[in-house]
Amino acid sequence: MGSALGLGSQYPADHARPPAAHPPRQTSSVERDHFETLLSGLPPHVLLIEDDEGDALLVEELVEDSGVDVRLGRARSLAHGLYQLETERPQCVLLDLHLPDAQGLDALNKVLAKSAEAAVVVLTGLSEEQAGLAAVAAGAQDYLVKGRLEADVFMRAIRYAVQRKQTELAAAALQTGRLRAEENARLERGLLPTPLLLDDTVTVCARYRPGRAQALLGGDFYDVVQTSDGATHAVVGDVSGHGPDEAALGVCLRVAWRAFVMAGARGQELLDLLEKILVAERSGPEIFATLIAVTRRPGDPHISVRRAGHPGFLVRSSAGVRLEAVAGGPALGIMPDWDSDWPVTEIPVEPSGAVMLFTDGLIEGRTGPGSQRLDEHGLLDIARRHTDLPADAFVDTLIHTAQSLAADWGGLADDVAVLHLEWNSSP
């Protein structure tokens with residue numbers, strides 16, 4: 001049902017259009033090119049939802065007079081228009097507010113609900129300008145009064161409506177991205193903790209690099225806790241796999257480790273408890289975790305190390321850097337029904353010495369054809385060339401060099417966690 005004041009009602013569809021009072025306005029080439037390339041270089045698709053044949057003819061003539069290439073579609077009812085919105089996905093909808101099956105803002109709300117991407121320009125009669133303003137307030141990008149249309153104004157309104165809609169969508173995407181980044185940062189906080197230190201006898205340098213593209217989280221985890229007796233406890237672990245489930249399990253194990261340590265669990269008991277947590281929380285029986293845990297008590301000339309299927313670690317001293325690969329037990333979750341044993345090994349460390357724990361992602365990147373990889377001894381060679389660097393530079397140089405060596409062979413595809421502990425004075 002068309003507007004009583006619609007210009008198109010003066011010229012029924014079966015009569016010829018009278019000569020134009022003014023020659024058609026020539027759209028500038030810059031304006032035309034901008035409009036036609038606004039969306040991937042294709043002519044924009046505009047859907048007219050209008051039941052009045054005269055008003056529909058008016059729109060067709062305005063498009064023709066504009067000189068702009070537009071793919072103009074037509075629906076004679078709201079139901080037909082909603083179907084075309086779903087199947088054809090136009091960039092702009094010209095919506096009459098008086099249709100056989102919908103009136104006013106009800107029609108607009110249904111169009112907006114059906115398509116979040118299309119710009120909407122409502123068409124009103126001369127006496128209905130307030131309805132147009134209400135439509136814009138309700139979510140339309142613009143409104144046009146049928147009795148005041150000229151080709152250049154008409155096409156400019158469509159172009160600006162599409163631009164405004166694209167700006168709105170971009171702003172919404174940015175807001176969504178910002179909220180997602182904030183959420184990821186909160187999740188990252190769970191995986192990348194702040195070391196819980198009671199004094200300045202130990203300095204911590206940690207680095208984390210997820211293997212998944214565009215991810216902040218991976219299955220690797222680490223933590224450092226200094227207990228009330230002055231002992232420093234540290235752990236680095238690696239959950240098998242690279243997906244979000246593994247990342248969540250890594251966070252779970254890290255938090256559990258800290259809680260157990262602060263509650264007084266040590267040694268074999270601590271690893272038994274962690275394995276129980278892993279078995280209870282993992283997504284499948286094939287999931288396991290490796291880890292290495294170290295403890296240094298005040299006054300000890302050594303660190304106590306327990307290893308569960310994990311690579312060795314580096315020890316830095318005044319004599320240089322050495323690799324330690326202590327005896328260990330199976331990865332957590334490999335044999336949960338067996339009484340696994342994770343023996344403790346005491347490794348000498350100077351009063352002002354340092355250790356660097358890492359996950360296998362740092363050493364398993366391919367560095368040549370076939371199965372050639374950096375491995376622990378390759379990492380040791382790099383470390384010995386940079387033994388005099390301070391902690392931050394030392395860690396960053398090792399990671400950067402490993403990345404560079406693997407760059408031509410797929411890069412470091414796995415998660416990488418590195419934890420460097422340096423004692424500042426005799427405990």
# chains A, B, ... in the order shown; residues from 1 in each chain; ligands from 1
>>> residues_around(residues="segment 97-109 of chain A", least_positions_apart="4", cutoff="12 Å", atoms="only C-alpha atoms", output="MDAnalysis selection string")
chainID A and resid 1:6 48:52 55 75:82 93 113:116 118:125 128:146
>>> residues_around(residues="Arg71 of chain A", least_positions_apart="2", cutoff="7 Å", atoms="only C-alpha atoms", output="NGL selection string")
:A and (43-46 or 69 or 73)
>>> write_last_selection(atoms="N, CA and C atoms", output="compact mmCIF listing (two decimals), in the first residue's frame")
# COMPACT_ATOMS: atom_id res chain seq x y z
N PRO A 43 28.93 -3.21 -8.59
CA PRO A 43 27.82 -2.27 -8.42
C PRO A 43 27.03 -2.63 -7.18
N PRO A 44 26.67 -1.67 -6.36
CA PRO A 44 25.95 -1.98 -5.13
C PRO A 44 24.58 -2.57 -5.42
N HIS A 45 24.17 -3.49 -4.58
CA HIS A 45 22.87 -4.14 -4.71
C HIS A 45 21.90 -3.44 -3.76
N VAL A 46 20.88 -2.81 -4.33
CA VAL A 46 19.88 -2.09 -3.55
C VAL A 46 18.55 -2.81 -3.70
N ASP A 69 25.79 2.90 -11.71
CA ASP A 69 25.44 1.50 -11.94
C ASP A 69 24.99 0.88 -10.63
N GLY A 73 16.88 -4.31 -6.96
CA GLY A 73 15.90 -5.37 -6.82
C GLY A 73 14.60 -4.83 -6.28
>>> residues_around(residues="segment 401-417 of chain A", least_positions_apart="3", cutoff="7 Å", atoms="only C-alpha atoms", output="number ranges by chain")
A: 207-211, 218, 220-221, 358-359, 361-362, 365-368, 397-398
>>> atom_distance(atom1="atom CA of Arg74 of chain A", atom2="atom CA of Ala172 of chain A")
29.3 Å
>>> closest_atom_pairs(of="segment 214-237 of chain A", to="segment 264-283 of chain A", cutoff="12 Å", atoms="only C-alpha atoms", output="tab-separated table")
residue	atom	partner	partner_atom	distance
A:Gly219	CA	A:Arg282	CA	11.7
A:Val225	CA	A:Gly264	CA	11.8
A:Gln226	CA	A:Gly264	CA	11.8
A:Thr227	CA	A:Gly264	CA	8.9
A:Ser228	CA	A:Gly264	CA	10.4
A:Asp229	CA	A:Gly264	CA	10.7
A:Ala231	CA	A:Gly264	CA	11.6
A:His233	CA	A:Arg266	CA	9.8
A:Ala234	CA	A:Arg266	CA	11.9
A:Val235	CA	A:Leu271	CA	11.1
A:Gly237	CA	A:Leu274	CA	11.2
>>> residues_around(residues="Thr290 of chain A", least_positions_apart="2", cutoff="6 Å", atoms="only C-alpha atoms", output="MDAnalysis selection string")
chainID A and resid 237:238 308:310 331
>>> write_last_selection(atoms="C-alpha atoms", output="PDB file, in the first residue's frame")
ATOM      1  CA  GLY A 237      54.966 -27.706  32.252  1.00  0.00           C
ATOM      2  CA  ASP A 238      53.521 -28.636  28.887  1.00  0.00           C
ATOM      3  CA  ALA A 308      58.126 -35.875  34.624  1.00  0.00           C
ATOM      4  CA  GLY A 309      58.834 -36.646  30.977  1.00  0.00           C
ATOM      5  CA  HIS A 310      60.198 -33.134  30.416  1.00  0.00           C
ATOM      6  CA  ALA A 331      54.699 -37.710  32.038  1.00  0.00           C
TER       7      ALA A 331
END
>>> select_by_dssp(residues="segment 178-382 of chain A", states="strand (DSSP E)", output="MDAnalysis selection string")
chainID A and resid 202:209 220:226 232:239 289:296 302:308 313:317 320:324 344:348 354:358
>>> select_by_dssp(residues="segment 92-288 of chain A", states="helix (DSSP H, G or I)", output="count of residues only")
98
>>> closest_residue(among="A:Phe154, A:Tyr160, A:Trp423, A:Tyr222", to="Pro351 of chain A", atoms="only C-alpha atoms")
A:Trp423
>>> closest_residue(among="A:Trp338, A:Ala56, A:His377, A:Ser352", to="Val202 of chain A", atoms="only C-alpha atoms")
A:Ser352
>>> closest_residue(among="A:Ser425, A:Thr387, A:Ser304, A:Gln372", to="Gly353 of chain A", atoms="only C-alpha atoms")
A:Ser425
>>> atom_distance(atom1="atom CA of Arg148 of chain A", atom2="atom CA of Gly67 of chain A")
19.1 Å
>>> atom_distance(atom1="atom CA of Trp257 of chain A", atom2="atom CA of Val224 of chain A")
9.8 Å
